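Heads up: the structure comes next, in structure tokens.
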Amino acid sequence: MSAGKPRLLCLHGAKSNNTITELQVMGLNLDNNFDLVFLHAPFVTECYPGLENFADPPFYTWGRSGSSGAEREADRARSLKHILDFVDKHGPFEGVYGFSLGSAVITEFSHVKTWRDELKLRRCPWKFAILACGGASRFVTVDEAVPIEIPSFHIFGAKDRHLEDSRKIAHHWADRITATHSSGHEIDMMMHRREIEMMDKLGDFLNMRLAETRQRE
């Protein structure tokens, strides 16, 4: 761990693991500015097709597909408690990164009705969010009419089959910036070289957040 860097919690997507997230955050150069902390989801599951080429098992998910309404609510509660226990032990964090279903889980947790009213925290355990290729917007149950006030940066994929989910998730955040890359439902390791406009916007967003961090110190 590099001394002095702010800490960024990183959550993977469905049927994935921390190895995949490590590749993604390297593709966004997030390791340049942050100490990265990775958290596996609570449920062991099969691999998302294709990810076995990049990471070894086991693979994890935040909510099991095909569950009934009661099972989905139980999965939601367990995933939120899983994060709560982790941040209680290892937090707080300056920011949080999430991909796909991880973005939906972060959106659910970051709403004041969740972290304050349901989980009884005094404050949200992170101050900004980076949400990439948001998916599984059905996981988000909080009221969109009461937006999340934490600054957020949303990465969309122009060819992402879950693009509408990404947009739905983004609408829950009041102070949001969006950027679109030219690919699909992915963040690859070469993105920082290929998607210059998106990386410039992300850099500006992070510079603002890091300046706020320095002001609080």
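Residues in the structure tokens are numbered from 1 in each chain, the chains being A, B, ... in the order shown, and ligands are numbered from 1 in the order shown.
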
| request: Check the DSSP output for the backbone and give back, as an NGL selection string, the residues of chain A in strand (DSSP E). | output: :A and (7-11 or 35-39 or 43-45 or 59-61 or 95-99 or 129-132 or 152-157 or 176-181)

If you keep N, CA and C atoms, can you produce a file of those selected residues as a JSON list (two decimals), in the first residue's frame?
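The file below, result27.json, is the result:
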```
[["chain", "number", "residue", "atom", "x", "y", "z"],
["A", 7, "ARG", "N", -8.06, 6.22, -0.35],
["A", 7, "ARG", "CA", -8.44, 4.83, -0.57],
["A", 7, "ARG", "C", -9.75, 4.75, -1.35],
["A", 8, "LEU", "N", -9.77, 3.81, -2.29],
["A", 8, "LEU", "CA", -10.92, 3.61, -3.17],
["A", 8, "LEU", "C", -11.39, 2.17, -3.03],
["A", 9, "LEU", "N", -12.64, 1.99, -2.59],
["A", 9, "LEU", "CA", -13.23, 0.66, -2.51],
["A", 9, "LEU", "C", -13.72, 0.25, -3.90],
["A", 10, "CYS", "N", -13.46, -0.99, -4.29],
["A", 10, "CYS", "CA", -13.78, -1.45, -5.64],
["A", 10, "CYS", "C", -14.67, -2.70, -5.59],
["A", 11, "LEU", "N", -15.81, -2.63, -6.26],
["A", 11, "LEU", "CA", -16.78, -3.72, -6.28],
["A", 11, "LEU", "C", -16.95, -4.25, -7.70],
["A", 35, "ASP", "N", -5.09, 4.17, -3.33],
["A", 35, "ASP", "CA", -4.88, 2.83, -2.81],
["A", 35, "ASP", "C", -6.19, 2.07, -3.02],
["A", 36, "LEU", "N", -6.13, 0.99, -3.75],
["A", 36, "LEU", "CA", -7.34, 0.27, -4.15],
["A", 36, "LEU", "C", -7.60, -0.88, -3.20],
["A", 37, "VAL", "N", -8.85, -0.97, -2.74],
["A", 37, "VAL", "CA", -9.27, -2.01, -1.81],
["A", 37, "VAL", "C", -10.41, -2.77, -2.48],
["A", 38, "PHE", "N", -10.28, -4.08, -2.58],
["A", 38, "PHE", "CA", -11.23, -4.89, -3.35],
["A", 38, "PHE", "C", -12.06, -5.77, -2.41],
["A", 39, "LEU", "N", -13.33, -5.89, -2.77],
["A", 39, "LEU", "CA", -14.26, -6.69, -1.96],
["A", 39, "LEU", "C", -15.03, -7.66, -2.86],
["A", 43, "PHE", "N", -21.96, -14.05, -2.53],
["A", 43, "PHE", "CA", -22.48, -15.29, -3.07],
["A", 43, "PHE", "C", -21.53, -15.89, -4.10],
["A", 44, "VAL", "N", -21.12, -17.13, -3.90],
["A", 44, "VAL", "CA", -20.31, -17.85, -4.89],
["A", 44, "VAL", "C", -21.22, -18.33, -6.01],
["A", 45, "THR", "N", -20.75, -18.18, -7.25],
["A", 45, "THR", "CA", -21.60, -18.50, -8.39],
["A", 45, "THR", "C", -20.74, -18.96, -9.56],
["A", 59, "PHE", "N", -15.85, -17.37, -8.50],
["A", 59, "PHE", "CA", -16.51, -16.15, -8.94],
["A", 59, "PHE", "C", -17.68, -15.87, -7.99],
["A", 60, "TYR", "N", -18.07, -14.61, -7.94],
["A", 60, "TYR", "CA", -19.04, -14.17, -6.94],
["A", 60, "TYR", "C", -20.10, -13.26, -7.57],
["A", 61, "THR", "N", -21.20, -13.08, -6.84],
["A", 61, "THR", "CA", -22.22, -12.15, -7.29],
["A", 61, "THR", "C", -22.91, -11.52, -6.10],
["A", 95, "GLY", "N", -13.54, 7.15, -1.92],
["A", 95, "GLY", "CA", -14.48, 6.93, -3.00],
["A", 95, "GLY", "C", -14.75, 5.46, -3.19],
["A", 96, "VAL", "N", -15.59, 5.17, -4.17],
["A", 96, "VAL", "CA", -15.96, 3.79, -4.46],
["A", 96, "VAL", "C", -16.09, 3.63, -5.97],
["A", 97, "TYR", "N", -15.66, 2.48, -6.47],
["A", 97, "TYR", "CA", -15.78, 2.13, -7.88],
["A", 97, "TYR", "C", -16.64, 0.87, -7.99],
["A", 98, "GLY", "N", -17.52, 0.84, -8.97],
["A", 98, "GLY", "CA", -18.32, -0.35, -9.20],
["A", 98, "GLY", "C", -18.57, -0.58, -10.68],
["A", 99, "PHE", "N", -18.62, -1.85, -11.07],
["A", 99, "PHE", "CA", -18.90, -2.22, -12.45],
["A", 99, "PHE", "C", -20.20, -3.01, -12.51],
["A", 129, "ALA", "N", -18.41, 8.47, -6.20],
["A", 129, "ALA", "CA", -18.56, 7.15, -6.82],
["A", 129, "ALA", "C", -18.18, 7.22, -8.29],
["A", 130, "ILE", "N", -17.54, 6.16, -8.76],
["A", 130, "ILE", "CA", -17.27, 5.95, -10.18],
["A", 130, "ILE", "C", -18.02, 4.68, -10.57],
["A", 131, "LEU", "N", -18.99, 4.81, -11.46],
["A", 131, "LEU", "CA", -19.87, 3.71, -11.80],
["A", 131, "LEU", "C", -19.74, 3.39, -13.28],
["A", 132, "ALA", "N", -19.23, 2.22, -13.59],
["A", 132, "ALA", "CA", -18.91, 1.84, -14.97],
["A", 132, "ALA", "C", -19.91, 0.82, -15.50],
["A", 152, "SER", "N", -20.78, 11.85, -8.59],
["A", 152, "SER", "CA", -20.63, 10.56, -9.26],
["A", 152, "SER", "C", -20.17, 10.75, -10.69],
["A", 153, "PHE", "N", -19.41, 9.77, -11.17],
["A", 153, "PHE", "CA", -18.95, 9.73, -12.55],
["A", 153, "PHE", "C", -19.43, 8.42, -13.16],
["A", 154, "HIS", "N", -20.19, 8.53, -14.24],
["A", 154, "HIS", "CA", -20.82, 7.36, -14.86],
["A", 154, "HIS", "C", -20.22, 7.10, -16.23],
["A", 155, "ILE", "N", -19.74, 5.88, -16.43],
["A", 155, "ILE", "CA", -19.16, 5.47, -17.71],
["A", 155, "ILE", "C", -20.17, 4.59, -18.45],
["A", 156, "PHE", "N", -20.56, 5.03, -19.63],
["A", 156, "PHE", "CA", -21.48, 4.28, -20.48],
["A", 156, "PHE", "C", -20.68, 3.65, -21.62],
["A", 157, "GLY", "N", -21.18, 2.52, -22.11],
["A", 157, "GLY", "CA", -20.62, 1.90, -23.31],
["A", 157, "GLY", "C", -21.57, 2.13, -24.47],
["A", 176, "ARG", "N", -23.97, 14.42, -11.02],
["A", 176, "ARG", "CA", -23.38, 13.38, -11.86],
["A", 176, "ARG", "C", -22.73, 13.95, -13.12],
["A", 177, "ILE", "N", -21.69, 13.26, -13.53],
["A", 177, "ILE", "CA", -21.02, 13.51, -14.80],
["A", 177, "ILE", "C", -21.03, 12.19, -15.56],
["A", 178, "THR", "N", -21.29, 12.24, -16.85],
["A", 178, "THR", "CA", -21.33, 11.03, -17.66],
["A", 178, "THR", "C", -20.32, 11.11, -18.80],
["A", 179, "ALA", "N", -19.83, 9.97, -19.18],
["A", 179, "ALA", "CA", -18.92, 9.85, -20.33],
["A", 179, "ALA", "C", -19.20, 8.52, -21.00],
["A", 180, "THR", "N", -18.99, 8.46, -22.31],
["A", 180, "THR", "CA", -19.30, 7.26, -23.08],
["A", 180, "THR", "C", -18.07, 6.78, -23.84],
["A", 181, "HIS", "N", -17.74, 5.50, -23.68],
["A", 181, "HIS", "CA", -16.67, 4.93, -24.49],
["A", 181, "HIS", "C", -17.28, 4.19, -25.68]]
```

If DSSP is run on the backbone, what residues of segment 64-118 of chain A are helix (DSSP H, G or I)? A reply as a PDB file with C-alpha atoms, in the first residue's frame would be ideal.
```
ATOM      1  CA  GLY A  69     -39.195 -11.628  -4.668  1.00  0.00           C
ATOM      2  CA  ALA A  70     -38.488 -12.710  -1.100  1.00  0.00           C
ATOM      3  CA  GLU A  71     -35.162 -14.247  -2.115  1.00  0.00           C
ATOM      4  CA  ARG A  72     -34.146 -11.094  -3.978  1.00  0.00           C
ATOM      5  CA  GLU A  73     -34.864  -9.021  -0.888  1.00  0.00           C
ATOM      6  CA  ALA A  74     -32.849 -11.436   1.236  1.00  0.00           C
ATOM      7  CA  ASP A  75     -29.966 -11.242  -1.261  1.00  0.00           C
ATOM      8  CA  ARG A  76     -30.147  -7.443  -1.187  1.00  0.00           C
ATOM      9  CA  ALA A  77     -30.065  -7.378   2.612  1.00  0.00           C
ATOM     10  CA  ARG A  78     -27.144  -9.795   2.773  1.00  0.00           C
ATOM     11  CA  SER A  79     -25.125  -7.868   0.165  1.00  0.00           C
ATOM     12  CA  LEU A  80     -25.673  -4.552   1.935  1.00  0.00           C
ATOM     13  CA  LYS A  81     -24.725  -6.110   5.294  1.00  0.00           C
ATOM     14  CA  HIS A  82     -21.640  -7.633   3.647  1.00  0.00           C
ATOM     15  CA  ILE A  83     -20.505  -4.164   2.547  1.00  0.00           C
ATOM     16  CA  LEU A  84     -21.487  -2.614   5.864  1.00  0.00           C
ATOM     17  CA  ASP A  85     -19.376  -5.099   7.816  1.00  0.00           C
ATOM     18  CA  PHE A  86     -16.429  -4.541   5.487  1.00  0.00           C
ATOM     19  CA  VAL A  87     -16.471  -0.738   5.660  1.00  0.00           C
ATOM     20  CA  ASP A  88     -16.978  -0.900   9.412  1.00  0.00           C
ATOM     21  CA  LYS A  89     -13.741  -2.882   9.668  1.00  0.00           C
ATOM     22  CA  HIS A  90     -11.717  -1.360   6.820  1.00  0.00           C
ATOM     23  CA  LEU A 101     -24.204  -4.981 -10.842  1.00  0.00           C
ATOM     24  CA  GLY A 102     -21.592  -3.455  -8.540  1.00  0.00           C
ATOM     25  CA  SER A 103     -22.789  -0.031  -9.734  1.00  0.00           C
ATOM     26  CA  ALA A 104     -26.361  -0.910  -8.798  1.00  0.00           C
ATOM     27  CA  VAL A 105     -25.284  -2.116  -5.343  1.00  0.00           C
ATOM     28  CA  ILE A 106     -23.354   1.110  -4.753  1.00  0.00           C
ATOM     29  CA  THR A 107     -26.363   3.157  -5.852  1.00  0.00           C
ATOM     30  CA  GLU A 108     -28.608   1.301  -3.412  1.00  0.00           C
ATOM     31  CA  PHE A 109     -26.125   1.695  -0.542  1.00  0.00           C
ATOM     32  CA  SER A 110     -25.334   5.374  -1.246  1.00  0.00           C
ATOM     33  CA  VAL A 112     -29.631   8.231   2.465  1.00  0.00           C
ATOM     34  CA  LYS A 113     -32.599   5.938   3.053  1.00  0.00           C
ATOM     35  CA  THR A 114     -30.203   2.990   3.008  1.00  0.00           C
ATOM     36  CA  TRP A 115     -27.000   4.064   4.778  1.00  0.00           C
ATOM     37  CA  ARG A 116     -28.726   6.312   7.331  1.00  0.00           C
ATOM     38  CA  ASP A 117     -32.248   5.031   7.858  1.00  0.00           C
ATOM     39  CA  GLU A 118     -31.787   1.310   7.215  1.00  0.00           C
TER      40      GLU A 118
END
```

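Here atom CA of Arg123 of chain A stands at a distance of 15.5 Å from atom CA of Arg216 of chain A.
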
| Point-to-point distance from atom CA of Asn18 of chain A to atom CA of Glu186 of chain A, Å rounded to tenths | 14.7 Å

| Do you know which residues are at most 12 Å from Leu210 of chain A counting only C-alpha atoms, after dropping those on the same chain fewer than 2 positions away, and could you put them as a list in words? | Gly4, Lys5, Pro6, Arg7, Leu8, Asn33, Phe34, Glu94, Gly95, Lys127, Phe128, Gly203, Asp204, Phe205, Leu206, Asn207, Met208, Glu212, Thr213, Arg214, Gln215, Arg216 and Glu217 of chain A

For the selection you just gave me, I'd like the residues written to a file as a PDB file, in the first residue's frame, keeping N, CA and C atoms.
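Writing done, so here's selection-v9.pdb:
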```
ATOM      1  N   GLY A   4      -0.072   7.725   1.905  1.00  0.00           N
ATOM      2  CA  GLY A   4      -0.530   9.040   1.510  1.00  0.00           C
ATOM      3  C   GLY A   4      -1.621   9.060   0.472  1.00  0.00           C
ATOM      4  N   LYS A   5      -1.855   7.961  -0.229  1.00  0.00           N
ATOM      5  CA  LYS A   5      -2.913   7.954  -1.236  1.00  0.00           C
ATOM      6  C   LYS A   5      -4.271   7.763  -0.577  1.00  0.00           C
ATOM      7  N   PRO A   6      -5.297   8.481  -1.060  1.00  0.00           N
ATOM      8  CA  PRO A   6      -6.656   8.177  -0.589  1.00  0.00           C
ATOM      9  C   PRO A   6      -7.078   6.792  -1.035  1.00  0.00           C
ATOM     10  N   ARG A   7      -8.063   6.224  -0.351  1.00  0.00           N
ATOM     11  CA  ARG A   7      -8.445   4.835  -0.569  1.00  0.00           C
ATOM     12  C   ARG A   7      -9.748   4.749  -1.351  1.00  0.00           C
ATOM     13  N   LEU A   8      -9.768   3.813  -2.294  1.00  0.00           N
ATOM     14  CA  LEU A   8     -10.922   3.610  -3.169  1.00  0.00           C
ATOM     15  C   LEU A   8     -11.391   2.170  -3.028  1.00  0.00           C
ATOM     16  N   ASN A  33      -3.793   7.152  -8.558  1.00  0.00           N
ATOM     17  CA  ASN A  33      -4.203   8.152  -7.568  1.00  0.00           C
ATOM     18  C   ASN A  33      -4.723   7.583  -6.259  1.00  0.00           C
ATOM     19  N   PHE A  34      -4.985   6.283  -6.231  1.00  0.00           N
ATOM     20  CA  PHE A  34      -5.659   5.712  -5.070  1.00  0.00           C
ATOM     21  C   PHE A  34      -4.998   4.417  -4.622  1.00  0.00           C
ATOM     22  N   GLU A  94     -12.346   7.126   0.579  1.00  0.00           N
ATOM     23  CA  GLU A  94     -12.566   8.406  -0.094  1.00  0.00           C
ATOM     24  C   GLU A  94     -13.611   8.268  -1.186  1.00  0.00           C
ATOM     25  N   GLY A  95     -13.535   7.152  -1.916  1.00  0.00           N
ATOM     26  CA  GLY A  95     -14.476   6.929  -2.996  1.00  0.00           C
ATOM     27  C   GLY A  95     -14.749   5.457  -3.187  1.00  0.00           C
ATOM     28  N   LYS A 127     -17.177   9.323  -0.374  1.00  0.00           N
ATOM     29  CA  LYS A 127     -17.533  10.700  -0.708  1.00  0.00           C
ATOM     30  C   LYS A 127     -17.798  10.907  -2.183  1.00  0.00           C
ATOM     31  N   PHE A 128     -17.476   9.938  -3.019  1.00  0.00           N
ATOM     32  CA  PHE A 128     -17.802  10.012  -4.444  1.00  0.00           C
ATOM     33  C   PHE A 128     -17.850   8.594  -4.996  1.00  0.00           C
ATOM     34  N   GLY A 203     -10.386  12.362 -15.489  1.00  0.00           N
ATOM     35  CA  GLY A 203      -9.285  13.046 -14.815  1.00  0.00           C
ATOM     36  C   GLY A 203      -9.726  14.339 -14.163  1.00  0.00           C
ATOM     37  N   ASP A 204     -10.556  15.116 -14.858  1.00  0.00           N
ATOM     38  CA  ASP A 204     -11.063  16.365 -14.283  1.00  0.00           C
ATOM     39  C   ASP A 204     -11.906  16.082 -13.043  1.00  0.00           C
ATOM     40  N   PHE A 205     -12.747  15.054 -13.128  1.00  0.00           N
ATOM     41  CA  PHE A 205     -13.591  14.675 -11.988  1.00  0.00           C
ATOM     42  C   PHE A 205     -12.727  14.282 -10.790  1.00  0.00           C
ATOM     43  N   LEU A 206     -11.720  13.459 -11.034  1.00  0.00           N
ATOM     44  CA  LEU A 206     -10.869  13.000  -9.937  1.00  0.00           C
ATOM     45  C   LEU A 206     -10.031  14.132  -9.362  1.00  0.00           C
ATOM     46  N   ASN A 207      -9.583  15.051 -10.203  1.00  0.00           N
ATOM     47  CA  ASN A 207      -8.824  16.193  -9.691  1.00  0.00           C
ATOM     48  C   ASN A 207      -9.673  17.030  -8.739  1.00  0.00           C
ATOM     49  N   MET A 208     -10.950  17.185  -9.058  1.00  0.00           N
ATOM     50  CA  MET A 208     -11.853  17.909  -8.160  1.00  0.00           C
ATOM     51  C   MET A 208     -12.011  17.170  -6.837  1.00  0.00           C
ATOM     52  N   GLU A 212     -10.704  18.321  -3.028  1.00  0.00           N
ATOM     53  CA  GLU A 212     -11.568  18.332  -1.838  1.00  0.00           C
ATOM     54  C   GLU A 212     -10.960  17.546  -0.698  1.00  0.00           C
ATOM     55  N   THR A 213     -10.304  16.440  -1.043  1.00  0.00           N
ATOM     56  CA  THR A 213      -9.633  15.635  -0.016  1.00  0.00           C
ATOM     57  C   THR A 213      -8.538  16.444   0.673  1.00  0.00           C
ATOM     58  N   ARG A 214      -7.742  17.152  -0.114  1.00  0.00           N
ATOM     59  CA  ARG A 214      -6.666  17.964   0.462  1.00  0.00           C
ATOM     60  C   ARG A 214      -7.208  19.082   1.349  1.00  0.00           C
ATOM     61  N   GLN A 215      -8.347  19.645   0.954  1.00  0.00           N
ATOM     62  CA  GLN A 215      -8.954  20.705   1.774  1.00  0.00           C
ATOM     63  C   GLN A 215      -9.426  20.198   3.122  1.00  0.00           C
ATOM     64  N   ARG A 216      -9.833  18.918   3.162  1.00  0.00           N
ATOM     65  CA  ARG A 216     -10.316  18.352   4.439  1.00  0.00           C
ATOM     66  C   ARG A 216      -9.179  17.961   5.360  1.00  0.00           C
ATOM     67  N   GLU A 217      -7.986  17.828   4.839  1.00  0.00           N
ATOM     68  CA  GLU A 217      -6.866  17.365   5.647  1.00  0.00           C
ATOM     69  C   GLU A 217      -6.321  18.464   6.557  1.00  0.00           C
TER      70      GLU A 217
END
```

| Which of these residues is nearest to Glu195 of chain A, using only C-alpha atoms: A:Thr19, A:Gly27, A:Glu164, A:Gly50? | A:Gly27

| message | Could you list, as a ChimeraX atom specification, every residue within 10 Å of His162 of chain A, counting only C-alpha atoms and ignoring same-chain residues fewer than 2 positions away? | response | /A:100,133-137,156-160,164-167,184-185

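Residue nearest Arg64 of chain A within the list A:Pro125, A:Pro42, A:Pro147, A:Pro92: A:Pro42 [criterion: smallest interatomic distance, only C-alpha atoms].
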
| request: For Met26 of chain A, work out the shell of residues within 9 Å, counting only C-alpha atoms and skipping chain neighbours fewer than 6 positions away, then give it as an NGL selection string. | output: :A and (32 or 188-190 or 192)

Okay, now the selection with N, CA and C atoms, as an mmCIF file, in the first residue's frame?
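As a result, selection.cif now contains:
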```
data_model
loop_
_atom_site.group_PDB
_atom_site.id
_atom_site.type_symbol
_atom_site.label_atom_id
_atom_site.label_comp_id
_atom_site.auth_asym_id
_atom_site.auth_seq_id
_atom_site.Cartn_x
_atom_site.Cartn_y
_atom_site.Cartn_z
ATOM 1 N N ASN A 32 -3.181 4.990 -10.157
ATOM 2 C CA ASN A 32 -2.230 6.098 -10.079
ATOM 3 C C ASN A 32 -2.524 7.034 -8.915
ATOM 4 N N ASP A 188 -11.709 -2.331 -20.472
ATOM 5 C CA ASP A 188 -10.516 -3.118 -20.759
ATOM 6 C C ASP A 188 -9.255 -2.351 -20.377
ATOM 7 N N MET A 189 -8.127 -3.051 -20.370
ATOM 8 C CA MET A 189 -6.887 -2.488 -19.869
ATOM 9 C C MET A 189 -6.290 -1.408 -20.771
ATOM 10 N N MET A 190 -6.744 -1.311 -22.007
ATOM 11 C CA MET A 190 -6.224 -0.302 -22.930
ATOM 12 C C MET A 190 -7.118 0.922 -23.029
ATOM 13 N N HIS A 192 -7.508 3.504 -21.206
ATOM 14 C CA HIS A 192 -6.889 4.807 -20.921
ATOM 15 C C HIS A 192 -6.101 5.337 -22.109
#
```
